[in-house]
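Text of final_39.cif, listed as mmCIF, C-alpha atoms:
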```
data_start
loop_
_atom_site.group_PDB
_atom_site.id
_atom_site.type_symbol
_atom_site.label_atom_id
_atom_site.label_comp_id
_atom_site.auth_asym_id
_atom_site.auth_seq_id
_atom_site.Cartn_x
_atom_site.Cartn_y
_atom_site.Cartn_z
ATOM 1 C CA MET N 1 0.000 0.000 0.000
ATOM 2 C CA ALA N 2 1.363 3.437 -0.881
ATOM 3 C CA ARG N 3 1.829 5.920 1.893
ATOM 4 C CA GLN N 4 2.648 9.611 1.697
ATOM 5 C CA ARG N 5 4.931 11.105 4.279
ATOM 6 C CA ASN N 6 7.397 13.977 4.632
ATOM 7 C CA PRO N 7 10.996 12.760 4.865
ATOM 8 C CA SER N 8 12.845 13.494 8.096
ATOM 9 C CA LYS N 9 15.760 15.949 8.203
ATOM 10 C CA GLN N 10 18.271 13.065 8.168
ATOM 11 C CA MET N 11 16.520 11.442 5.227
ATOM 12 C CA ARG N 12 16.639 14.725 3.312
ATOM 13 C CA ILE N 13 20.403 14.955 3.954
ATOM 14 C CA LEU N 14 20.845 11.414 2.660
ATOM 15 C CA LEU N 15 18.571 12.003 -0.337
ATOM 16 C CA ASP N 16 20.608 15.086 -1.246
ATOM 17 C CA ALA N 17 23.909 13.202 -0.942
ATOM 18 C CA LEU N 18 22.692 10.283 -3.042
ATOM 19 C CA SER N 19 21.027 12.461 -5.685
ATOM 20 C CA ALA N 20 24.192 14.536 -6.214
ATOM 21 C CA GLU N 21 25.633 11.547 -8.101
ATOM 22 C CA ARG N 22 22.502 9.728 -9.158
ATOM 23 C CA ARG N 23 24.115 6.836 -11.101
ATOM 24 C CA GLN N 24 27.027 6.348 -8.743
ATOM 25 C CA TRP N 25 26.982 3.413 -6.317
ATOM 26 C CA ARG N 26 28.016 4.621 -2.860
ATOM 27 C CA HIS N 27 29.351 2.746 0.174
ATOM 28 C CA GLY N 28 27.893 3.202 3.639
ATOM 29 C CA TYR N 29 31.053 4.538 5.270
ATOM 30 C CA GLU N 30 31.577 6.983 2.415
ATOM 31 C CA LEU N 31 27.996 8.248 2.925
ATOM 32 C CA MET N 32 28.625 8.587 6.662
ATOM 33 C CA LYS N 33 31.642 10.813 6.045
ATOM 34 C CA GLU N 34 29.848 12.879 3.430
ATOM 35 C CA THR N 35 26.604 13.443 5.329
ATOM 36 C CA GLY N 36 28.000 13.523 8.856
ATOM 37 C CA LEU N 37 25.405 10.933 9.896
ATOM 38 C CA SER N 38 26.523 8.268 12.370
ATOM 39 C CA SER N 39 26.246 4.585 11.560
ATOM 40 C CA GLY N 40 23.426 4.399 14.114
ATOM 41 C CA THR N 41 21.409 6.896 12.038
ATOM 42 C CA LEU N 42 22.532 5.997 8.535
ATOM 43 C CA TYR N 43 21.812 2.262 8.577
ATOM 44 C CA PRO N 44 18.242 2.406 9.930
ATOM 45 C CA LEU N 45 17.576 5.084 7.281
ATOM 46 C CA LEU N 46 19.075 2.977 4.494
ATOM 47 C CA MET N 47 17.105 -0.072 5.643
ATOM 48 C CA ARG N 48 13.827 1.816 5.671
ATOM 49 C CA MET N 49 14.526 3.608 2.373
ATOM 50 C CA THR N 50 15.331 0.256 0.755
ATOM 51 C CA ASP N 51 12.122 -1.257 2.185
ATOM 52 C CA GLN N 52 10.211 1.727 0.767
ATOM 53 C CA GLY N 53 11.759 1.349 -2.673
ATOM 54 C CA LEU N 54 13.663 4.655 -2.525
ATOM 55 C CA VAL N 55 17.149 3.113 -2.479
ATOM 56 C CA GLU N 56 18.548 0.067 -4.266
ATOM 57 C CA SER N 57 21.595 -1.857 -3.131
ATOM 58 C CA GLU N 58 24.042 -4.381 -4.514
ATOM 59 C CA TRP N 59 27.078 -6.272 -3.312
ATOM 60 C CA ARG N 60 30.488 -5.174 -4.531
ATOM 61 C CA GLU N 61 33.582 -7.337 -4.586
ATOM 62 C CA PRO N 62 36.238 -6.143 -2.094
ATOM 63 C CA ALA N 63 38.949 -3.865 -3.488
ATOM 64 C CA GLN N 64 41.636 -5.879 -1.687
ATOM 65 C CA PRO N 65 41.773 -9.652 -1.213
ATOM 66 C CA GLY N 66 40.860 -10.838 2.276
ATOM 67 C CA ARG N 67 38.469 -7.959 2.881
ATOM 68 C CA PRO N 68 34.705 -8.517 3.180
ATOM 69 C CA ALA N 69 32.375 -7.692 0.280
ATOM 70 C CA ARG N 70 30.752 -4.268 0.579
ATOM 71 C CA HIS N 71 27.195 -3.107 0.103
ATOM 72 C CA ALA N 72 26.712 -0.173 -2.268
ATOM 73 C CA TYR N 73 23.656 2.048 -2.590
ATOM 74 C CA ARG N 74 22.023 4.426 -5.019
ATOM 75 C CA LEU N 75 18.627 6.044 -5.465
ATOM 76 C CA THR N 76 15.850 4.379 -7.424
ATOM 77 C CA ALA N 77 13.739 6.463 -9.806
ATOM 78 C CA THR N 78 11.188 6.993 -6.997
ATOM 79 C CA GLY N 79 13.939 8.010 -4.599
ATOM 80 C CA PHE N 80 15.401 10.404 -7.156
ATOM 81 C CA ALA N 81 11.962 11.941 -7.789
ATOM 82 C CA LEU N 82 11.562 12.470 -4.046
ATOM 83 C CA ALA N 83 15.035 14.013 -3.834
ATOM 84 C CA GLN N 84 14.286 16.410 -6.698
ATOM 85 C CA GLN N 85 11.210 17.880 -5.056
ATOM 86 C CA GLY N 86 11.304 20.804 -2.648
ATOM 87 C CA PRO N 87 10.558 20.179 1.015
ATOM 88 C CA GLY N 88 6.905 21.201 0.513
ATOM 89 C CA ASP N 89 6.387 18.905 -2.493
ATOM 90 C CA ARG N 90 8.029 15.796 -1.079
ATOM 91 C CA ALA N 91 4.886 14.643 0.693
ATOM 92 C CA GLY N 92 3.349 14.133 -2.752
ATOM 93 C CA VAL N 93 5.706 11.297 -3.794
ATOM 94 C CA PRO N 94 4.202 7.947 -2.861
ATOM 95 C CA PHE N 95 6.511 5.236 -1.616
ATOM 96 C CA ARG N 96 5.946 1.791 -0.207
ATOM 97 C CA ALA N 97 5.219 1.487 3.475
ATOM 98 C CA SER N 98 8.034 -0.404 5.179
ATOM 99 C CA PRO N 99 7.120 -3.812 6.616
ATOM 100 C CA ALA N 100 6.332 -3.870 10.345
ATOM 101 C CA MET G 1 54.178 0.559 3.965
ATOM 102 C CA MET G 2 52.050 1.242 7.073
ATOM 103 C CA ARG G 3 49.463 -1.361 7.958
ATOM 104 C CA PRO G 4 45.956 -0.101 8.759
ATOM 105 C CA PRO G 5 45.144 -0.223 12.496
ATOM 106 C CA SER G 6 43.264 -3.360 13.464
ATOM 107 C CA PRO G 7 40.038 -2.847 15.417
ATOM 108 C CA SER G 8 40.262 -3.381 19.161
ATOM 109 C CA PHE G 9 38.813 -6.456 20.799
ATOM 110 C CA PHE G 10 36.137 -4.278 22.383
ATOM 111 C CA ALA G 11 35.098 -2.758 19.037
ATOM 112 C CA ARG G 12 34.925 -6.222 17.470
ATOM 113 C CA ALA G 13 32.885 -7.513 20.430
ATOM 114 C CA VAL G 14 30.419 -4.591 20.144
ATOM 115 C CA MET G 15 30.140 -5.252 16.415
ATOM 116 C CA ALA G 16 29.531 -8.974 17.000
ATOM 117 C CA VAL G 17 26.681 -8.185 19.433
ATOM 118 C CA ALA G 18 25.170 -5.766 16.902
ATOM 119 C CA MET G 19 25.297 -8.473 14.206
ATOM 120 C CA CYS G 20 23.513 -10.956 16.496
ATOM 121 C CA CYS G 21 20.782 -8.406 17.359
ATOM 122 C CA LEU G 22 19.865 -7.832 13.723
ATOM 123 C CA GLY G 23 18.341 -11.295 13.273
ATOM 124 C CA GLU G 24 17.510 -13.389 10.236
ATOM 125 C CA SER G 25 15.456 -10.882 8.255
ATOM 126 C CA ARG G 26 18.269 -8.306 8.387
ATOM 127 C CA ARG G 27 21.157 -10.703 7.777
ATOM 128 C CA ASP G 28 22.171 -8.864 4.591
ATOM 129 C CA TRP G 29 22.345 -5.602 6.519
ATOM 130 C CA ALA G 30 24.483 -7.199 9.192
ATOM 131 C CA ALA G 31 26.918 -8.289 6.473
ATOM 132 C CA ALA G 32 26.795 -4.776 4.969
ATOM 133 C CA MET G 33 27.715 -3.233 8.326
ATOM 134 C CA ARG G 34 30.550 -5.747 8.768
ATOM 135 C CA GLY G 35 31.938 -4.760 5.357
ATOM 136 C CA GLU G 36 31.947 -1.062 6.299
ATOM 137 C CA PHE G 37 33.389 -1.842 9.748
ATOM 138 C CA ALA G 38 36.642 -2.805 8.015
ATOM 139 C CA ALA G 39 36.648 0.538 6.176
ATOM 140 C CA ALA G 40 35.928 2.450 9.408
ATOM 141 C CA ALA G 41 38.731 0.559 11.188
ATOM 142 C CA GLU G 42 41.202 1.789 8.560
ATOM 143 C CA ASP G 43 40.322 5.343 9.614
ATOM 144 C CA GLY G 44 40.617 4.450 13.302
ATOM 145 C CA GLU G 45 36.844 4.827 13.681
ATOM 146 C CA ALA G 46 36.044 1.196 14.487
ATOM 147 C CA LEU G 47 34.575 1.750 17.962
ATOM 148 C CA PRO G 48 32.246 4.707 17.167
ATOM 149 C CA PHE G 49 31.114 2.836 14.059
ATOM 150 C CA ALA G 50 30.441 -0.363 16.047
ATOM 151 C CA ILE G 51 28.571 1.536 18.794
ATOM 152 C CA GLY G 52 26.395 3.210 16.149
ATOM 153 C CA CYS G 53 25.643 -0.170 14.572
ATOM 154 C CA LEU G 54 24.716 -1.570 17.980
ATOM 155 C CA GLY G 55 22.298 1.337 18.498
ATOM 156 C CA ALA G 56 20.805 0.754 15.042
ATOM 157 C CA ALA G 57 20.456 -2.988 15.709
ATOM 158 C CA ALA G 58 18.834 -2.358 19.112
ATOM 159 C CA ARG G 59 16.299 -0.022 17.509
ATOM 160 C CA GLU G 60 15.587 -2.597 14.798
ATOM 161 C CA LEU G 61 15.102 -5.198 17.506
ATOM 162 C CA LEU G 62 12.465 -3.056 19.195
ATOM 163 C CA THR G 63 10.675 -1.771 16.113
ATOM 164 C CA ARG G 64 10.272 -5.067 14.249
ATOM 165 C CA GLU G 65 7.851 -7.749 15.375
ATOM 166 C CA GLU G 66 10.442 -10.476 14.861
ATOM 167 C CA GLY G 67 12.944 -8.483 16.928
ATOM 168 C CA ARG G 68 10.516 -7.937 19.774
ATOM 169 C CA PHE G 69 9.681 -11.629 19.775
ATOM 170 C CA THR G 70 13.388 -12.571 19.843
ATOM 171 C CA LEU G 71 13.917 -10.208 22.787
ATOM 172 C CA THR G 72 10.930 -11.652 24.667
ATOM 173 C CA ASN G 73 12.048 -15.200 23.944
ATOM 174 C CA TYR G 74 15.599 -14.563 25.214
ATOM 175 C CA THR G 75 14.293 -12.731 28.285
ATOM 176 C CA LEU G 76 11.964 -15.594 29.188
ATOM 177 C CA ALA G 77 14.537 -18.297 28.508
ATOM 178 C CA LEU G 78 17.388 -16.586 30.367
ATOM 179 C CA GLY G 79 15.361 -14.623 32.908
ATOM 180 C CA LEU G 80 12.741 -17.222 33.888
ATOM 181 C CA MET G 81 13.637 -20.727 32.736
ATOM 182 C CA VAL G 82 17.333 -20.719 33.671
ATOM 183 C CA PRO G 83 16.766 -19.245 37.185
ATOM 184 C CA MET G 84 13.922 -21.738 37.727
ATOM 185 C CA ALA G 85 16.274 -24.533 36.651
ATOM 186 C CA ALA G 86 18.877 -23.304 39.157
ATOM 187 C CA LEU G 87 16.219 -23.156 41.886
ATOM 188 C CA GLN G 88 14.930 -26.670 41.194
ATOM 189 C CA ILE G 89 18.408 -28.172 40.959
ATOM 190 C CA GLY G 90 19.390 -26.284 44.133
ATOM 191 C CA CYS G 91 16.319 -27.683 45.909
ATOM 192 C CA ALA G 92 17.168 -31.185 44.729
ATOM 193 C CA LEU G 93 20.804 -31.033 45.803
ATOM 194 C CA PHE G 94 20.769 -28.771 48.862
ATOM 195 C CA GLY G 95 17.146 -28.566 49.996
ATOM 196 C CA PHE G 96 16.383 -24.829 49.937
ATOM 197 C CA PRO G 97 14.416 -23.849 53.034
ATOM 198 C CA TYR G 98 11.425 -22.433 51.102
ATOM 199 C CA LEU G 99 10.446 -25.861 49.922
ATOM 200 C CA TYR G 100 9.901 -27.382 53.311
ATOM 201 C CA PRO G 101 7.401 -26.547 56.048
ATOM 202 C CA GLY G 102 8.379 -24.113 58.782
ATOM 203 C CA GLN G 103 11.419 -22.817 56.827
ATOM 204 C CA GLY G 104 13.274 -25.673 58.456
ATOM 205 C CA GLY G 105 14.728 -27.272 55.352
ATOM 206 C CA LEU G 106 14.818 -31.008 55.042
ATOM 207 C CA ALA G 107 15.122 -31.393 58.827
ATOM 208 C CA GLY G 108 11.871 -29.436 59.155
ATOM 209 C CA ALA G 109 10.203 -31.666 56.631
ATOM 210 C CA LEU G 110 11.214 -34.639 58.722
ATOM 211 C CA LEU G 111 9.514 -32.979 61.670
ATOM 212 C CA GLU G 112 12.634 -33.405 63.736
ATOM 213 C CA GLY G 113 11.941 -33.323 67.458
ATOM 214 C CA ALA G 114 8.174 -33.559 67.065
ATOM 215 C CA ALA G 115 6.263 -36.137 69.066
ATOM 216 C CA HIS G 116 5.351 -38.212 66.048
ATOM 217 C CA GLU G 117 8.832 -38.069 64.504
ATOM 218 C CA PRO G 118 9.798 -41.665 65.363
ATOM 219 C CA LEU G 119 6.668 -42.916 63.615
ATOM 220 C CA ILE G 120 7.200 -41.260 60.253
ATOM 221 C CA ARG G 121 10.958 -40.673 60.046
ATOM 222 C CA GLY G 122 11.571 -43.885 58.115
ATOM 223 C CA LEU G 123 8.811 -43.085 55.624
ATOM 224 C CA TYR G 124 10.102 -39.587 54.977
ATOM 225 C CA GLN G 125 13.664 -40.778 54.582
ATOM 226 C CA ALA G 126 12.525 -43.307 52.002
ATOM 227 C CA ALA G 127 10.670 -40.607 50.068
ATOM 228 C CA VAL G 128 13.415 -37.977 50.022
ATOM 229 C CA PRO G 129 15.511 -39.524 47.188
ATOM 230 C CA ALA G 130 12.452 -39.796 44.943
ATOM 231 C CA LEU G 131 11.509 -36.151 45.695
ATOM 232 C CA ALA G 132 15.060 -35.004 45.050
ATOM 233 C CA LEU G 133 15.145 -36.934 41.769
ATOM 234 C CA LEU G 134 11.876 -35.343 40.636
ATOM 235 C CA LEU G 135 13.195 -31.884 41.465
ATOM 236 C CA LEU G 136 16.436 -32.623 39.646
ATOM 237 C CA LEU G 137 14.504 -33.788 36.578
ATOM 238 C CA LEU G 138 12.384 -30.642 36.700
ATOM 239 C CA GLY G 139 15.508 -28.495 36.897
ATOM 240 C CA LEU G 140 17.078 -30.260 33.928
ATOM 241 C CA ALA G 141 13.785 -29.993 31.996
ATOM 242 C CA HIS G 142 13.808 -26.216 32.588
ATOM 243 C CA LEU G 143 17.311 -26.042 31.083
ATOM 244 C CA ARG G 144 16.194 -28.158 28.107
ATOM 245 C CA ILE G 145 13.194 -25.889 27.543
ATOM 246 C CA ALA G 146 15.370 -22.766 27.736
ATOM 247 C CA TRP G 147 17.690 -24.257 25.098
ATOM 248 C CA ALA G 148 14.779 -25.267 22.847
ATOM 249 C CA MET G 149 13.269 -21.762 23.179
ATOM 250 C CA LEU G 150 16.513 -20.130 22.051
ATOM 251 C CA ASP G 151 16.659 -22.668 19.232
ATOM 252 C CA ARG G 152 12.983 -21.938 18.415
ATOM 253 C CA ASP G 153 12.333 -25.663 18.458
ATOM 254 C CA TRP G 154 8.687 -25.425 19.519
ATOM 255 C CA ALA G 155 8.034 -29.165 19.097
ATOM 256 C CA GLN G 156 10.768 -29.828 21.677
ATOM 257 C CA VAL G 157 9.357 -27.096 23.960
ATOM 258 C CA ARG G 158 5.954 -28.823 23.781
ATOM 259 C CA ARG G 159 7.403 -32.275 24.525
ATOM 260 C CA THR G 160 9.543 -31.077 27.420
ATOM 261 C CA GLY G 161 6.622 -29.014 28.784
ATOM 262 C CA SER G 162 4.451 -32.157 28.864
ATOM 263 C CA LEU G 163 7.182 -34.067 30.711
ATOM 264 C CA MET G 164 7.515 -31.196 33.191
ATOM 265 C CA LEU G 165 3.787 -31.220 33.767
ATOM 266 C CA ALA G 166 3.810 -34.971 34.484
ATOM 267 C CA ALA G 167 6.809 -34.646 36.817
ATOM 268 C CA MET G 168 5.281 -31.662 38.607
ATOM 269 C CA VAL G 169 1.925 -33.384 39.138
ATOM 270 C CA THR G 170 3.774 -36.351 40.657
ATOM 271 C CA LEU G 171 5.836 -34.005 42.839
ATOM 272 C CA ILE G 172 2.755 -32.149 44.033
ATOM 273 C CA MET G 173 1.061 -35.435 44.909
ATOM 274 C CA PHE G 174 4.166 -36.499 46.836
ATOM 275 C CA MET G 175 4.298 -33.195 48.680
ATOM 276 C CA GLY G 176 0.575 -33.216 49.386
ATOM 277 C CA VAL G 177 0.829 -36.669 50.926
ATOM 278 C CA PHE G 178 4.091 -36.375 52.819
ATOM 279 C CA PHE G 179 4.145 -32.759 53.964
ATOM 280 C CA ILE G 180 1.288 -31.999 56.278
ATOM 281 C CA ASP G 181 1.387 -28.342 55.170
ATOM 282 C CA SER G 182 0.080 -28.430 51.586
ATOM 283 C CA SER G 183 0.802 -24.719 50.906
ATOM 284 C CA GLN G 184 4.201 -25.689 49.461
ATOM 285 C CA ALA G 185 2.511 -28.030 46.979
ATOM 286 C CA LEU G 186 0.078 -25.262 46.003
ATOM 287 C CA LEU G 187 2.961 -22.827 45.534
ATOM 288 C CA GLN G 188 4.635 -25.302 43.163
ATOM 289 C CA ALA G 189 1.356 -25.737 41.261
ATOM 290 C CA ALA G 190 0.924 -21.955 40.885
ATOM 291 C CA VAL G 191 4.485 -21.523 39.602
ATOM 292 C CA LEU G 192 3.978 -24.346 37.106
ATOM 293 C CA ALA G 193 0.680 -22.860 35.895
ATOM 294 C CA ILE G 194 2.338 -19.464 35.267
ATOM 295 C CA GLU G 195 5.265 -21.085 33.457
ATOM 296 C CA LEU G 196 3.095 -23.246 31.220
ATOM 297 C CA ALA G 197 0.748 -20.373 30.382
ATOM 298 C CA THR G 198 3.751 -18.202 29.477
ATOM 299 C CA LEU G 199 5.241 -20.969 27.351
ATOM 300 C CA TRP G 200 1.931 -21.489 25.577
ATOM 301 C CA MET G 201 1.727 -17.776 24.704
ATOM 302 C CA VAL G 202 5.320 -17.706 23.479
ATOM 303 C CA MET G 203 4.786 -20.826 21.332
ATOM 304 C CA LYS G 204 1.588 -19.380 19.866
ATOM 305 C CA ARG G 205 3.315 -16.090 19.022
ATOM 306 C CA GLY G 206 6.342 -17.938 17.661
ATOM 307 C CA SER G 207 4.231 -20.053 15.320
ATOM 308 C CA GLN G 208 2.467 -16.902 14.071
ATOM 309 C CA ILE G 209 5.728 -15.102 13.321
ATOM 310 C CA HIS G 210 7.615 -18.161 12.014
ATOM 311 C CA PRO G 211 4.942 -20.479 10.557
ATOM 312 C CA GLY G 212 7.573 -22.882 9.170
ATOM 313 C CA ALA G 213 9.492 -23.193 12.454
ATOM 314 C CA ALA G 214 7.660 -26.341 13.619
ATOM 315 C CA ALA G 215 8.363 -27.999 10.276
ATOM 316 C CA GLU G 216 12.076 -27.190 10.589
ATOM 317 C CA HIS G 217 12.279 -29.339 13.724
ATOM 318 C CA PRO G 218 9.999 -32.291 13.041
ATOM 319 C CA GLY G 219 9.364 -34.728 15.861
#
```

Here is the file; what I need is its structure written in the form of structure tokens.
Amino acid sequence: MARQRNPSKQMRILLDALSAERRQWRHGYELMKETGLSSGTLYPLLMRMTDQGLVESEWREPAQPGRPARHAYRLTATGFALAQQGPGDRAGVPFRASPA
Amino acid sequence: MMRPPSPSFFARAVMAVAMCCLGESRRDWAAAMRGEFAAAAEDGEALPFAIGCLGAAARELLTREEGRFTLTNYTLALGLMVPMAALQIGCALFGFPYLYPGQGGLAGALLEGAAHEPLIRGLYQAAVPALALLLLLLGLAHLRIAWAMLDRDWAQVRRTGSLMLAAMVTLIMFMGVFFIDSSQALLQAAVLAIELATLWMVMKRGSQIHPGAAAEHPG
């Protein structure tokens, strides 16, 4: 079911960071440094935005052998549309309600 | 070439707890956090990163139904079943005073010094090993149930619960017959009723959240 809701301040910061390079896959730690959000804020946001269909993710092979694979994120078309709208318009973009 | 700093034991321990808290439905996210933990460690930010992840995992635990159920299940298993097991085993091995009339421990149960003591001493002494064995079995059954709850093996919880019920009914009958004061037997019955009702609710909730769980542990 679609639900309309205004994004929080932290979500707007993340939307802005991700929309600056729309096609670019971004790592979580890189997003933390860029947005100034802590891991305790960033990850719940990313989880919920992925559940709502605003962000897509994929696994990336590690840059160096022996390191764990890394998750990378970018905005979906819905997420990008939400990011493009002004704060007053953002309530108009429907996105999926996250599962309970 | 300088090697990146390795995360401290404490940071790794905090991260490991955060991973455990995230549960099955967020396993991918736990792996994602672990991947970034290595990157944060290179910048010397392992501990703040791990603490943040623990906060995120704790919030997930409380906001998701599965997380709340996991928390309840662990609390009941570790906060109710394991202490009850310790109490029962303690009663079986050492005879805690609460179990016997007049707070007098096993000696009180034997009515030491009372006028009719010589008449029933032999009978009581013969019954004590059987009582102690029943209590020991009940204690071990509590441990088995706690393990099965953590394992979400509801079929095993049901089986062990039935065995506990049978053992407890026998124990209560023993206590009702041998101890003149039947309040101790009633106390045991009340505790058992609360435990079984709690277990029933947890099993019901567990089967609603994880419908396939019973099938995963057939028999």

Decode the PyMOL selection byres ((chain N) within 7 of (chain G)) for the given file into explicit residues and return them as number ranges by chain. N: 28-29, 38-41, 43-44, 68-71, 100

Care to translate the PyMOL selection byres ((chain G and resi 174) around 10) into actual residues of this file, as a VMD selection string? chain G and resid 127 to 128 130 to 131 134 168 to 173 175 to 179 185

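Nearest residue to Ser57 in chain N, choosing from N:Arg22, N:Lys33, N:His27, N:Lys9 and counting only C-alpha atoms: N:His27.
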
Report, in Å to a single decimal, how far apart CA of Leu143 in chain G and CA of Leu196 in chain G are. 14.5 Å

Would you compute the box with edges along x, y and z of the file around range 52-71 of chain G, including every atom the file lists for it and 3 Å extra on each side, and give its centre and edge lengths in Å to one decimal, as AutoDock Vina command-line options?
```
--center_x 17.1 --center_y -4.7 --center_z 18.5 --size_x 24.5 --size_y 21.8 --size_z 14.5
```

Pairwise distance for CA of Leu136 in chain G and CA of Ala167 in chain G, rounded to one decimal in Å: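 A separation of 10.2 Å between them.
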
I'd like the interatomic distance between CA of Thr76 in chain N and CA of Glu56 in chain N, to a tenth of an Å.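 Atom-to-atom, CA of Thr76 in chain N and CA of Glu56 in chain N are spaced 6.0 Å apart.
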
Residues in the PyMOL selection byres ((chain N and resi 23) around 10), expressed as a list in words: Leu18, Ser19, Ala20, Glu21, Arg22, Gln24, Trp25, Arg26, Tyr73, Arg74, Leu75 and Thr76 of chain N

With N, CA and C atoms as the goal, would you fill in the gaps in range 63-77 of chain N and present it as a compact mmCIF listing (two decimals), in the frame of the given file?
```
# COMPACT_ATOMS: atom_id res chain seq x y z
N ALA N 63 37.86 -4.44 -2.70
CA ALA N 63 38.95 -3.86 -3.49
C ALA N 63 40.26 -4.62 -3.24
N GLN N 64 40.42 -5.12 -2.03
CA GLN N 64 41.64 -5.88 -1.69
C GLN N 64 41.25 -7.29 -1.26
N PRO N 65 42.09 -8.28 -1.63
CA PRO N 65 41.77 -9.65 -1.21
C PRO N 65 41.79 -9.78 0.32
N GLY N 66 40.92 -10.62 0.83
CA GLY N 66 40.86 -10.84 2.28
C GLY N 66 39.90 -9.90 2.98
N ARG N 67 39.43 -8.89 2.29
CA ARG N 67 38.47 -7.96 2.88
C ARG N 67 37.05 -8.45 2.60
N PRO N 68 36.09 -8.09 3.46
CA PRO N 68 34.70 -8.52 3.18
C PRO N 68 34.10 -7.75 2.01
N ALA N 69 33.11 -8.38 1.36
CA ALA N 69 32.38 -7.69 0.28
C ALA N 69 31.64 -6.50 0.88
N ARG N 70 31.40 -5.49 0.06
CA ARG N 70 30.75 -4.27 0.58
C ARG N 70 29.43 -4.02 -0.14
N HIS N 71 28.50 -3.48 0.62
CA HIS N 71 27.20 -3.11 0.10
C HIS N 71 27.31 -1.71 -0.49
N ALA N 72 26.71 -1.51 -1.67
CA ALA N 72 26.71 -0.17 -2.27
C ALA N 72 25.27 0.23 -2.54
N TYR N 73 25.03 1.54 -2.50
CA TYR N 73 23.66 2.05 -2.59
C TYR N 73 23.55 3.16 -3.62
N ARG N 74 22.35 3.25 -4.21
CA ARG N 74 22.02 4.43 -5.02
C ARG N 74 20.50 4.60 -5.04
N LEU N 75 20.06 5.77 -5.47
CA LEU N 75 18.63 6.04 -5.46
C LEU N 75 17.93 5.31 -6.60
N THR N 76 16.71 4.89 -6.35
CA THR N 76 15.85 4.38 -7.42
C THR N 76 15.20 5.60 -8.10
N ALA N 77 14.43 5.35 -9.13
CA ALA N 77 13.74 6.46 -9.81
C ALA N 77 12.80 7.18 -8.83
```
